[in-house]
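Step one of this worksheet: look at the structure below.
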Amino acid sequence: MNSSTPSTTPNASPEAPQRRSRRWLAAVFGLVVVLVVAGGYLAIGAVAYGDLATLKPDCGGRYLGQDPSNMEARTGDGTLRFDATDLRFTDFTDVAFPSRDTRPLTIRGWYAPGPGGIGDPVVIVVHGKGSCRRDPVVLLPAGMLHRAGFGVLLIDMRDHGSSDYEDGRWAGGVEEYLDVLGAWDWLVGQGFREQDIGLFGTSLGAATVTIAMGEEPRVAATWADSSYSDFERASTEYTESEGWPGWVTGAGLFVGRIVSGDDLGRVGPDDELERLAGRPYAITHGDEDETVLVHHAFDNAAIATAAGTPVEPWIVAGAAHVKAIYMEPEAYEARLVAFFDAALGTSGG
């Protein structure tokens with residue numbers, strides 16, 4: 001009896017190769033779409049980063065020729081806010097010193113001693129992003145402190161003013177704090193006691209001096225005007241304030257880290273304030289600040305308070321970004337001098 005053995009190999013469907021081909025084409029198309037979208041996203045981020053992070057020399061052309069001897073209380077648009085004649089001082093000299101960075105960067109500034117010289121406390125005064133020591137928002141508080149008997153050291157951070165240019169971009173304080181500590185080192189080298197040296201900063205300068213205080217436990221006291229708290233949140237808000245959509249921030253920071261080599265956001269005030277260990281810290285902010293929103297002041301105050309330094313932020317009604325000193329100059333001076341007098345003293349004792 002003859003029998004046939006059926007084949008155990010099923011006949012391949014003629015449509016199978018076509019289905020595999022279609023799936024392969026779909027996968028390739030999907031990958032291309034993802035790459036195009038991702039590339040476009042990063043390209044937009046690169047443009048945004050270039051626009052927002054690139055700095056212009058000499059305060060962007062503002063305040064040229066202005067120094068402690070002829071300072072005026074003028075805003076960036078040229079509006080004169082009050083007579084600053086009594087805050088002027090002439091006993092300042094040009095100084096230069098290295099940043100605490102391992103790279104050879106020279107930081108330049110103006111130093112004016114208190115009436116007792118090295119026996120008096122001294123405050124390092126630091127400007128904001130795209131600004132320099134010629135800006136009234138640092139000249140004015142320097143003048144207030146100086147006439148109260150403090151020495152002052154106004155500096156240009158790297159990539160700003162007359163200090164060395166590294167790459168012409170800001171790093172959100174993550175590198176600039178080394179310039180502040182270079183200034184602190186210089187004062188210590190001149191003979192100042194560590195407990196007699198305080199820090200003052202506005203905007204980026206405020207965030208930078210806060211980071212410096214956290215990184216250097218010997219910093220005695222800090223006043224922060226309009227500082228951010230969380231770097232990435234502040235970056236998104238700042239991006240939006242400059243007319244860019246907030247969603248581009250992630251791409252901008254990613255590109256920025258690659259292009260600059262800076263570890264943007266590695267540390268921020270929200271991290272460093274946890275390390276105050278009871279050292280004096282003051283916060284001021286305007287409630288109409290659209291560049292660094294006022295919630296950052298309350299965020300920082302909460303962190304500092306939890307870390308053992310109780311802080312009640314001074315919120316100035318109607319003040320835009322770093323404009324509190326223009327809105328309330330007398331109150332600003334009284335609070336500023338009282339803070340550093342309590343933290344450092346004007347007798348050096």
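Identifiers in this document derive from the order of the structure tokens: chains are assigned A, B, ..., residues are numbered from 1 separately in each chain, and ligands are numbered from 1 in order of occurrence.
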
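Residues in contact range of Glu232 of chain A, defined as at most 9 Å between only C-alpha atoms, with sequence neighbours fewer than 5 positions away removed, read A:Glu237, A:Thr249, A:Gly250, A:Leu253, A:Leu264, A:Gly265.
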
Enumerate, in order of chain and increasing residue number, the residues of segment 204-274 of chain A with an atom no farther than 12 Å from segment 96-109 of chain A, each with its shortest atom pair and distance in Å to one decimal, counting only C-alpha atoms, as CSV.
```
residue,atom,partner,partner_atom,distance
A:Ala212,CA,A:Arg100,CA,10.9
A:Glu215,CA,A:Arg100,CA,11.8
A:Glu216,CA,A:Arg100,CA,11.3
```

(request) Pick out the closest residue to Pro115 of chain A from this set: A:Arg257, A:His146, A:Arg266, A:Arg81. Count only C-alpha atoms. (result) A:His146

Under the rule of at most 10 Å, produce a per-residue listing of segment 223-292 of chain A near segment 118-128 of chain A: chain, number, name, the closest pair of atoms, and the distance in Å, as a tab-separated table, using only C-alpha atoms.
```
residue	atom	partner	partner_atom	distance
A:Trp223	CA	A:Val125	CA	9.6
A:Ala224	CA	A:Val126	CA	9.9
A:Asp225	CA	A:Gly128	CA	9.9
A:Ser226	CA	A:Gly128	CA	9.6
A:Ser227	CA	A:Gly128	CA	9.6
```

(request) Fewer than 6 positions away in the same chain doesn't count, so skip those; otherwise give me all residues within 7 Å of Gly268 of chain A, counting only C-alpha atoms, as a PyMOL selection string. (result) chain A and resi 211+229-231
